[in-house]
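Colleague: So here's data.csv, just CSV, C-alpha atoms:
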```csv
chain,number,residue,atom,x,y,z
A,1,MET,CA,72.0,149.6,111.2
A,2,CYS,CA,73.0,148.6,107.7
A,3,ASN,CA,75.7,146.3,109.0
A,4,ARG,CA,73.2,144.7,111.4
A,5,SER,CA,70.7,144.1,108.6
A,6,VAL,CA,73.4,142.6,106.4
A,7,GLY,CA,74.2,140.0,109.0
A,8,LEU,CA,70.5,139.2,109.6
A,9,ILE,CA,69.8,138.7,105.9
A,10,GLN,CA,73.1,136.8,105.5
A,11,ARG,CA,72.2,134.3,108.2
A,12,GLU,CA,68.8,133.5,106.6
A,13,ILE,CA,70.4,132.9,103.2
A,14,GLU,CA,73.1,130.6,104.7
A,15,LYS,CA,70.3,128.7,106.5
A,16,TYR,CA,68.9,128.0,103.0
A,17,GLY,CA,72.2,126.2,102.2
A,18,ILE,CA,73.8,129.0,100.2
A,19,PRO,CA,77.3,130.0,101.4
A,20,THR,CA,77.6,133.7,102.1
A,21,ILE,CA,80.3,136.4,102.8
A,22,SER,CA,79.8,139.9,103.9
A,23,ILE,CA,81.8,143.1,104.1
A,24,SER,CA,81.6,144.8,107.5
A,25,ILE,CA,82.4,148.3,108.4
A,26,VAL,CA,81.0,148.3,111.9
A,27,ARG,CA,82.7,145.4,113.7
A,28,LYS,CA,80.6,145.5,116.9
A,29,PHE,CA,77.3,144.9,115.0
A,30,THR,CA,78.9,142.0,113.1
A,31,GLU,CA,80.3,140.5,116.3
A,32,GLU,CA,76.8,140.6,117.8
A,33,ILE,CA,74.9,139.3,114.8
A,34,LYS,CA,77.3,136.4,114.1
A,35,PRO,CA,77.1,136.0,110.4
A,36,PRO,CA,78.9,132.8,109.1
A,37,ARG,CA,81.8,134.7,107.4
A,38,ALA,CA,82.8,138.4,107.1
A,39,VAL,CA,85.7,140.6,106.2
A,40,PHE,CA,86.1,143.8,108.2
A,41,LEU,CA,87.4,147.2,107.1
A,42,LYS,CA,87.6,150.2,109.3
A,43,TRP,CA,86.3,152.5,106.6
A,44,PRO,CA,83.6,155.2,106.6
A,45,LEU,CA,79.9,154.2,106.3
A,46,GLY,CA,78.7,154.0,102.7
A,47,HIS,CA,82.1,152.8,101.4
A,48,PRO,CA,82.4,149.0,101.9
A,49,LEU,CA,84.4,148.7,98.6
A,50,GLY,CA,86.2,152.0,98.9
A,51,GLU,CA,86.2,155.2,96.9
A,52,PRO,CA,84.3,156.0,93.7
A,53,PHE,CA,86.1,155.1,90.5
A,54,ASN,CA,89.1,153.6,92.4
A,55,ILE,CA,88.8,150.4,90.4
A,56,LYS,CA,92.0,148.8,91.8
A,57,GLN,CA,90.8,149.3,95.4
A,58,GLN,CA,87.3,148.0,94.8
A,59,ALA,CA,88.7,144.9,92.9
A,60,ILE,CA,91.1,144.1,95.8
A,61,VAL,CA,88.3,144.2,98.4
A,62,LEU,CA,86.1,142.0,96.2
A,63,LYS,CA,88.9,139.6,95.6
A,64,LYS,CA,89.7,139.4,99.4
A,65,ALA,CA,86.0,138.8,100.2
A,66,LEU,CA,85.7,136.0,97.7
A,67,GLU,CA,88.9,134.4,99.0
A,68,ALA,CA,87.5,134.5,102.5
A,69,LEU,CA,84.5,132.6,101.2
A,70,THR,CA,86.8,129.7,100.5
A,71,ASP,CA,89.4,130.1,103.3
A,72,ILE,CA,87.2,130.7,106.3
A,73,LYS,CA,86.5,127.3,107.9
A,74,GLU,CA,85.4,128.3,111.4
A,75,PRO,CA,81.8,129.6,111.5
A,76,GLY,CA,81.5,133.2,112.7
A,77,THR,CA,85.0,134.2,111.6
A,78,ILE,CA,85.5,138.0,111.0
A,79,ARG,CA,88.7,138.5,109.0
A,80,ASP,CA,90.3,141.9,109.4
A,81,LEU,CA,91.6,143.2,106.1
A,82,PRO,CA,94.9,145.1,106.4
A,83,TYR,CA,93.8,148.2,104.5
A,84,ARG,CA,93.6,151.6,106.2
A,85,TRP,CA,91.4,154.3,104.8
A,86,ARG,CA,93.1,156.2,101.9
A,87,ARG,CA,96.5,154.6,102.8
A,88,TYR,CA,97.1,153.4,99.2
A,89,GLU,CA,100.4,151.8,100.1
A,90,ASP,CA,98.4,149.2,102.1
A,91,LEU,CA,96.8,147.9,98.9
A,92,GLU,CA,100.2,146.4,97.9
A,93,LYS,CA,100.0,144.1,101.0
B,94,MET,CA,61.5,167.3,109.0
B,95,GLY,CA,62.4,163.8,110.1
B,96,ARG,CA,64.1,163.0,106.7
B,97,LEU,CA,66.2,166.2,106.8
B,98,LYS,CA,67.3,165.4,110.3
B,99,ASN,CA,68.3,161.8,109.3
B,100,GLN,CA,70.2,163.1,106.2
B,101,LEU,CA,72.0,165.7,108.3
B,102,ILE,CA,73.1,163.1,110.9
B,103,SER,CA,74.3,160.8,108.2
B,104,LYS,CA,76.5,163.6,106.8
B,105,LEU,CA,77.9,164.3,110.2
B,106,PHE,CA,78.7,160.6,110.6
B,107,THR,CA,80.8,160.7,107.5
B,108,LYS,CA,82.6,163.9,108.5
B,109,PHE,CA,83.3,162.9,112.1
B,110,PRO,CA,83.9,159.1,112.5
B,111,PHE,CA,84.0,159.3,116.3
B,112,LEU,CA,80.3,160.1,116.3
B,113,VAL,CA,79.7,156.7,114.6
B,114,GLU,CA,81.6,155.0,117.3
B,115,ARG,CA,79.5,156.7,120.0
B,116,TRP,CA,76.3,155.8,118.2
B,117,VAL,CA,77.4,152.1,117.9
B,118,LYS,CA,78.3,151.9,121.6
B,119,LYS,CA,74.8,153.2,122.5
B,120,ALA,CA,72.9,150.9,120.1
B,121,ALA,CA,70.9,148.2,121.8
B,122,PRO,CA,72.8,144.8,121.4
B,123,TRP,CA,71.3,142.1,119.3
B,124,LYS,CA,72.7,138.9,120.4
B,125,ALA,CA,72.6,135.9,118.1
B,126,GLN,CA,73.3,132.4,119.4
B,127,ASP,CA,73.9,129.7,116.8
B,128,ILE,CA,75.8,130.4,113.6
B,129,PRO,CA,74.3,128.9,110.3
B,130,TRP,CA,76.9,127.2,108.1
B,131,ALA,CA,76.8,126.1,104.5
B,132,PRO,CA,80.3,125.2,103.3
B,133,LEU,CA,81.4,126.2,99.8
B,134,THR,CA,81.7,123.0,97.8
B,135,LYS,CA,83.4,124.2,94.7
B,136,PRO,CA,86.1,126.7,93.7
B,137,VAL,CA,85.0,130.3,93.3
B,138,LYS,CA,85.9,130.2,89.6
B,139,ASP,CA,83.1,127.7,89.1
B,140,CYS,CA,80.5,129.6,91.2
B,141,LYS,CA,77.5,131.7,90.2
B,142,ILE,CA,77.7,134.7,92.5
B,143,ALA,CA,74.9,137.0,93.6
B,144,LEU,CA,75.0,140.4,95.3
B,145,ALA,CA,72.7,141.6,98.1
B,146,THR,CA,73.1,145.0,99.6
B,147,THR,CA,71.5,147.0,102.3
B,148,ALA,CA,72.7,150.3,100.9
B,149,GLY,CA,69.3,151.3,99.6
B,150,VAL,CA,70.1,150.5,95.9
B,151,HIS,CA,67.2,150.1,93.5
B,152,LEU,CA,66.1,151.0,90.0
B,153,LYS,CA,64.7,154.5,89.2
B,154,SER,CA,61.6,152.7,87.8
B,155,GLN,CA,60.9,151.0,91.2
B,156,LYS,CA,59.1,152.2,94.2
B,157,PRO,CA,61.6,154.0,96.6
B,158,PHE,CA,62.1,152.6,100.1
B,159,ASN,CA,59.9,154.1,102.8
B,160,MET,CA,61.8,156.9,104.5
B,161,LYS,CA,58.9,158.1,106.6
B,162,ASP,CA,58.6,155.1,108.9
B,163,PRO,CA,61.0,155.6,111.8
B,164,ASN,CA,61.5,151.8,111.9
B,165,GLY,CA,62.5,151.7,108.3
B,166,ASP,CA,61.5,149.4,105.5
B,167,PRO,CA,62.1,145.6,105.4
B,168,THR,CA,61.1,145.2,101.8
B,169,PHE,CA,63.5,144.5,98.9
B,170,ARG,CA,64.0,145.4,95.2
B,171,GLU,CA,65.1,143.0,92.5
B,172,ILE,CA,68.1,144.4,90.6
B,173,PRO,CA,68.8,142.7,87.2
B,174,ARG,CA,72.4,142.0,86.4
B,175,ASP,CA,72.3,143.9,83.1
B,176,THR,CA,70.8,147.1,84.6
B,177,PRO,CA,72.1,150.1,82.5
B,178,LYS,CA,74.3,152.4,84.6
B,179,GLY,CA,72.0,155.4,84.6
B,180,GLN,CA,69.1,153.3,86.0
B,181,PHE,CA,70.5,152.9,89.6
B,182,ILE,CA,69.3,155.1,92.4
B,183,ILE,CA,69.8,155.0,96.2
B,184,THR,CA,67.0,155.7,98.6
B,185,HIS,CA,68.5,155.7,102.1
B,186,ASP,CA,68.6,158.7,104.5
B,187,TYR,CA,70.7,157.0,107.2
B,188,TYR,CA,74.1,157.2,105.6
B,189,ASP,CA,75.8,159.7,103.3
B,190,HIS,CA,75.6,158.2,99.8
B,191,LYS,CA,77.0,161.0,97.8
B,192,ASP,CA,80.1,158.9,96.8
B,193,ALA,CA,77.9,155.9,96.0
B,194,ASP,CA,75.7,158.1,93.9
B,195,LYS,CA,78.8,158.8,91.8
B,196,ASP,CA,79.9,155.2,91.5
B,197,ILE,CA,77.4,152.5,92.6
B,198,ASN,CA,80.3,150.0,92.7
B,199,ILE,CA,81.5,151.1,96.2
B,200,VAL,CA,78.3,149.6,97.7
B,201,PHE,CA,77.1,147.3,94.8
B,202,PRO,CA,80.2,146.1,92.9
B,203,ILE,CA,78.4,144.9,89.8
B,204,ASP,CA,81.0,146.1,87.3
B,205,ARG,CA,83.9,144.6,89.3
B,206,LEU,CA,82.0,141.3,89.3
B,207,LYS,CA,81.5,141.5,85.6
B,208,GLU,CA,85.3,141.9,85.2
B,209,LEU,CA,85.9,138.8,87.2
B,210,LYS,CA,83.5,136.9,85.0
B,211,GLU,CA,85.2,138.1,81.8
B,212,ARG,CA,88.5,136.9,83.3
B,213,GLY,CA,87.0,133.6,84.2
B,214,GLU,CA,87.6,134.1,87.9
B,215,ILE,CA,83.9,133.4,88.6
B,216,ALA,CA,81.5,131.4,86.4
B,217,ASP,CA,78.5,133.6,86.4
B,218,ILE,CA,76.5,136.4,88.0
B,219,ALA,CA,72.9,136.0,89.2
B,220,GLU,CA,70.4,137.3,86.7
B,221,ILE,CA,68.6,139.0,89.6
B,222,ASN,CA,70.4,140.6,92.6
B,223,PHE,CA,68.8,142.2,95.7
B,224,GLY,CA,68.6,145.6,97.2
B,225,PHE,CA,67.5,146.4,100.8
B,226,MET,CA,67.5,149.6,102.7
B,227,GLY,CA,69.4,148.6,105.9
B,228,HIS,CA,67.7,150.9,108.4
B,229,ILE,CA,65.3,148.2,109.7
B,230,ASP,CA,64.2,148.4,113.4
B,231,GLY,CA,61.4,147.4,115.8
B,232,GLY,CA,58.9,145.0,114.4
B,233,HIS,CA,60.3,145.3,110.9
B,234,ILE,CA,63.3,143.2,112.1
B,235,TYR,CA,61.0,140.2,112.4
B,236,THR,CA,59.4,140.9,109.0
B,237,LEU,CA,62.9,140.8,107.6
B,238,ILE,CA,64.2,137.6,109.2
B,239,ASN,CA,60.9,135.7,109.0
B,240,GLY,CA,59.7,137.1,105.7
B,241,THR,CA,61.6,139.1,103.2
B,242,ALA,CA,65.1,137.7,103.8
B,243,GLN,CA,63.8,134.1,103.4
B,244,GLU,CA,61.9,135.2,100.3
B,245,VAL,CA,65.2,136.4,98.9
B,246,ALA,CA,67.0,133.2,99.9
B,247,GLU,CA,64.4,131.2,97.9
B,248,LYS,CA,64.8,133.4,94.9
B,249,LEU,CA,68.6,133.0,95.1
B,250,ARG,CA,68.2,129.2,95.3
B,251,ALA,CA,65.8,129.2,92.3
B,252,GLN,CA,68.5,130.9,90.2
B,253,GLY,CA,71.0,128.3,91.1
B,254,VAL,CA,73.3,130.8,92.9
B,255,ASP,CA,76.4,129.1,94.5
B,256,ALA,CA,77.4,132.0,96.8
B,257,VAL,CA,76.3,135.5,97.9
B,258,LEU,CA,78.3,138.6,98.7
B,259,LEU,CA,76.5,141.0,101.0
B,260,THR,CA,77.4,144.7,101.4
B,261,PRO,CA,76.2,147.4,103.8
B,262,GLY,CA,75.6,151.1,103.2
```
Once you've parsed the file, please lay out its structure as structure tokens.

Modeller:
Amino acid sequence: MCNRSVGLIQREIEKYGIPTISISIVRKFTEEIKPPRAVFLKWPLGHPLGEPFNIKQQAIVLKKALEALTDIKEPGTIRDLPYRWRRYEDLEK
Amino acid sequence: MGRLKNQLISKLFTKFPFLVERWVKKAAPWKAQDIPWAPLTKPVKDCKIALATTAGVHLKSQKPFNMKDPNGDPTFREIPRDTPKGQFIITHDYYDHKDADKDINIVFPIDRLKELKERGEIADIAEINFGFMGHIDGGHIYTLINGTAQEVAEKLRAQGVDAVLLTPG
């Protein structure tokens, strides 16, 4: 439900004229709610930025989310990030 | 008893991801039509960024979210940018937050954002950020979209926030 609520709140903020980006970990909910922009990771609930104290991993997800804020030009785009859960070699992509 | 059940289910969800997929398939669809759009008009390095999370994050000094109402809690808590580390707490029985309890940044990346500010990759961080508890159902959905979410949007605008990052639990 968290992913659904994120999208609902996001839509209201965007309606106020403030650009928004969200991190999704349940793609179906995000597809249904249609927030303006999102990045998706197939990661476990409760871990949108990764694992505790893995600063590098968290920083990469944050960076990719902020990049998407600028790059996404088509409303409703959900960008799939290429990072599999605990496959640290993916973070070099 | 209800809280224990929800906490147990959330632990099972973390351990067995296929259960999440089954639950997602069964969840009633919520179809949105139009897509709101406010383009970013300046580079991220010149932006004041705010965080909003539905991971149940709040301060220990604040009232916890209501875990007894089966439809959840559509209210929010204000989280100051400079909250000391030990002051965060998570109230949310619908996902397993034992990892986020160890490091709040995996759901509320405030320290990572501060590092970006130090490096000049963003201009500033909102003085006040926002915590929701994402289990919001039934009539509370309308309280959220017609009430509390708009209230937060107004507070973001009043702070001169340029963009918002939202994170789930």

Colleague: Taking into account all atoms listed in the file, which residue in the set A:Gly7, A:Cys2, A:Pro44, A:Glu14 is nearest to Phe106 of chain B?

Modeller: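 Residue with the minimum atom-to-atom distance to Phe106 of chain B: A:Pro44.
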
Colleague: Mind pulling up the distance from atom CA of Arg86 of chain A to atom CA of Gly262 of chain B?

Modeller: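 Atom-to-atom, atom CA of Gly262 of chain B to atom CA of Arg86 of chain A, that is 18.3 Å.
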
Colleague: Got a sec: who's within 12 Å of Lys56 of chain A, counting only C-alpha atoms, leaving out chain neighbours fewer than 2 positions off, as a ChimeraX atom specification?

Modeller: /A:49-54,58-63,88,91-92 /B:198-199,205,208

Colleague: Write out as a ChimeraX atom specification every residue belonging to chain A that has an atom at most 7 Å from any atom of chain B, counting only C-alpha atoms.

Modeller: /A:1-3,5-6,8-9,11-23,32-36,44-53,58-59,70,75-76

Colleague: Rounded to one decimal, what separation in Å do you get between atom CA of Ile172 of chain B and atom CA of Glu220 of chain B?

Modeller: 8.4 Å

Colleague: If I take atom CA of Ile182 of chain B and atom CA of Val26 of chain A, how far is one from the other in Å, to one decimal?

Modeller: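 These atoms are spaced 23.7 Å apart.
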
Colleague: At a cut-off of 9 Å, using all atoms listed in the file, what residues contact Leu81 of chain A? Leave out same-chain residues fewer than 5 positions from it and give the result as an MDAnalysis selection string.

Modeller: chainID A and resid 39:42 61 64

Colleague: Go ahead and save the picked residues with C-alpha atoms, as an mmCIF file, keeping the file's coordinate frame.

Modeller:
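In the end it all went to out_20.cif:
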```
data_model
loop_
_atom_site.group_PDB
_atom_site.id
_atom_site.type_symbol
_atom_site.label_atom_id
_atom_site.label_comp_id
_atom_site.auth_asym_id
_atom_site.auth_seq_id
_atom_site.Cartn_x
_atom_site.Cartn_y
_atom_site.Cartn_z
ATOM 1 C CA VAL A 39 85.700 140.600 106.200
ATOM 2 C CA PHE A 40 86.100 143.800 108.200
ATOM 3 C CA LEU A 41 87.400 147.200 107.100
ATOM 4 C CA LYS A 42 87.600 150.200 109.300
ATOM 5 C CA VAL A 61 88.300 144.200 98.400
ATOM 6 C CA LYS A 64 89.700 139.400 99.400
#
```

Colleague: Find the residues around Met160 of chain B up to 8 Å (all atoms listed in the file counted), leave out those fewer than 5 positions away in its own chain, and share them as a short mmCIF file (atom, residue, chain, number, x, y, z; two decimals) with C-alpha atoms, in the coordinates of the input.

Modeller:
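File out_24.cif, as written:
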```cif
data_model
loop_
_atom_site.label_atom_id
_atom_site.label_comp_id
_atom_site.auth_asym_id
_atom_site.auth_seq_id
_atom_site.Cartn_x
_atom_site.Cartn_y
_atom_site.Cartn_z
CA ARG B 96 64.10 163.00 106.70
CA GLY B 165 62.50 151.70 108.30
CA ASP B 166 61.50 149.40 105.50
CA THR B 184 67.00 155.70 98.60
CA HIS B 185 68.50 155.70 102.10
CA ASP B 186 68.60 158.70 104.50
#
```

Colleague: Between A:Trp43, A:Lys28, A:Arg37, A:Leu69, which one has atoms that come closest to Pro82 of chain A, using all atoms listed in the file?

Modeller: A:Trp43

Colleague: Please return segment 10-24 of chain A, rebuilt to N, CA, C and O atoms, as a compact mmCIF listing (two decimals), in the coordinates of the input.

Modeller:
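Heads up, here's the output in out13.txt:
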```
# COMPACT_ATOMS: atom_id res chain seq x y z
N GLN A 10 72.08 137.77 105.81
CA GLN A 10 73.10 136.80 105.50
C GLN A 10 72.82 135.44 106.19
O GLN A 10 72.92 134.36 105.60
N ARG A 11 72.45 135.52 107.47
CA ARG A 11 72.20 134.30 108.20
C ARG A 11 71.00 133.53 107.62
O ARG A 11 71.03 132.29 107.55
N GLU A 12 69.97 134.24 107.17
CA GLU A 12 68.80 133.50 106.60
C GLU A 12 69.19 132.86 105.26
O GLU A 12 68.73 131.75 104.99
N ILE A 13 70.03 133.53 104.46
CA ILE A 13 70.40 132.90 103.20
C ILE A 13 71.29 131.68 103.44
O ILE A 13 71.09 130.64 102.81
N GLU A 14 72.19 131.78 104.40
CA GLU A 14 73.10 130.60 104.70
C GLU A 14 72.21 129.45 105.21
O GLU A 14 72.50 128.30 104.89
N LYS A 15 71.15 129.76 105.98
CA LYS A 15 70.30 128.70 106.50
C LYS A 15 69.61 127.93 105.33
O LYS A 15 69.22 126.78 105.49
N TYR A 16 69.48 128.61 104.16
CA TYR A 16 68.90 128.00 103.00
C TYR A 16 69.95 127.10 102.26
O TYR A 16 69.68 126.57 101.19
N GLY A 17 71.15 127.02 102.80
CA GLY A 17 72.20 126.20 102.20
C GLY A 17 73.05 126.87 101.19
O GLY A 17 73.80 126.22 100.45
N ILE A 18 72.97 128.21 101.12
CA ILE A 18 73.80 129.00 100.20
C ILE A 18 74.93 129.66 100.95
O ILE A 18 74.64 130.46 101.84
N PRO A 19 76.22 129.36 100.64
CA PRO A 19 77.30 130.00 101.40
C PRO A 19 77.33 131.53 101.11
O PRO A 19 77.02 131.99 100.01
N THR A 20 77.68 132.28 102.16
CA THR A 20 77.60 133.70 102.10
C THR A 20 78.91 134.37 102.67
O THR A 20 79.54 133.78 103.55
N ILE A 21 79.23 135.56 102.17
CA ILE A 21 80.30 136.40 102.80
C ILE A 21 79.83 137.80 102.79
O ILE A 21 79.16 138.25 101.86
N SER A 22 80.15 138.52 103.87
CA SER A 22 79.80 139.90 103.90
C SER A 22 80.97 140.81 104.18
O SER A 22 81.97 140.36 104.73
N ILE A 23 80.84 142.06 103.77
CA ILE A 23 81.80 143.10 104.10
C ILE A 23 81.25 143.87 105.27
O ILE A 23 80.11 144.34 105.20
N SER A 24 82.03 144.01 106.35
CA SER A 24 81.60 144.80 107.50
C SER A 24 82.37 146.04 107.66
O SER A 24 83.59 146.04 107.42
```
